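First the structure, in the form of structure tokens, and then the observations on it.
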Amino acid sequence: MRIRIVDAFAERAFSGNPAGVVLLDSFPDDGWMQNVAMEVNHAETAFAHPLPQGGDADWALRWFTPVTEVAMCGHATLATAHVLHSTGAHEGPVRFDTRSGVLIASTGPDGAVTLDFPTAPLTRVDAPEGVAEALGADPVAVFDTGADIGDLLVELADEKTVLALSPDHRNLGAHSSRGIIATARAEDPAKGYDYVSRCFFPNVGIDEDPVTGSAHTALAPHWSGRLGRTDLTGLQASRRSGLVRTSLRGGRTLLTGRAVTVIDGELLTP
């Protein structure tokens, strides 16, 4: 069977967030998918298979990190939509049946993919004891992002503080089910982005994720409320980095980015 490595939220190869994509006839054993994800060793590997026509969704989709299955993943969904569109396996908007409900991806004439995801419910909370020490910076505000995302969103004083973070990943994992989204307002919006973020997910085997689509379903409502605009662009400032265009539509958040297939090969394991 074919396996592809796709750089998502990327304008060029070797940037953005790489994801494995495997198209199947049906889902095999969970252990096999977990082993493939471990072998690929990117933040997520997506597994998808077509569903019968006439239902609420077109393809079933699951995501695995190297150590566990996750409930939501933006960049691997974008990567899967890119593969379906670029190979002709699916035409038009694609509806994915996932653990987070039906998620829709639409590919524009220029190849950019827009994901329609549920907006994360933000609840302001007190900063947990020890989170500032583990993160290496004092929070300005802290928000719970709800069960689907499972992160703490931590607003910091400024962009420089976010970029300079060198967290204690082992201790960071004690404060949420998945990890921490650290964010601040952009120092200079003329550079093409409105806010900056970094994402640390030690509890699912990812010390720092390069570009996290699901995190932007929390970042979009947070910064739309702060900046008074529904359409924004976020920079996730990892070593690879990537831009995510976000449009807040009430209970839904649209995430737009591009993708590049970097590897297209055969998966030989039975």
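Going by the structure tokens order, chains are called A, B, ..., each with residues numbered from 1, while ligands are numbered from 1 in the order shown.
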Can you pull out the residues contacting region 11-21 of chain A? Cut-off 8 Å, using only C-alpha atoms, and skip same-chain residues under 6 positions away; I want them as a ChimeraX atom specification. /A:3-5,37,40,42-48,75-76,79-80,83,209-212,240-243,258-262
Give the strand (DSSP E or B) residues of region 53-201 of chain A, as assigned by DSSP on the backbone, as a VMD selection string. chain A and resid 59 to 64 69 to 70 94 to 98 101 to 107 113 to 118 123 to 125 141 to 144 151 to 155 179 to 185 195 to 201
Using only C-alpha atoms: which of A:Trp59, A:Arg185, A:Ser106, A:Ala215 has the shortest distance to Asp151 (chain A): A:Ala215
Write out as a ChimeraX atom specification all residues of region 138-261 of chain A that DSSP puts in helix (DSSP H, G or I) for this structure's backbone. /A:159-163,169-175,189-191,202-204,216-227
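Between Ala81 (chain A) and the candidates A:Gly234, A:Gly257, A:Gly228, A:Gly31, the tightest atom-to-atom separation, counting only C-alpha atoms, involves A:Gly257.
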Computed gap from CA of Gln53 (chain A) to CA of Val70 (chain A) is 26.3 Å
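You will find CA of Asp116 (chain A) at 21.7 Å from CA of Pro52 (chain A).
The spacing separating CA of Val94 (chain A) from CA of Thr246 (chain A) amounts to 19.1 Å.
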Using only C-alpha atoms: which of A:Arg229, A:Arg178, A:Arg124, A:Arg252 has the shortest distance to Asn203 (chain A): A:Arg178
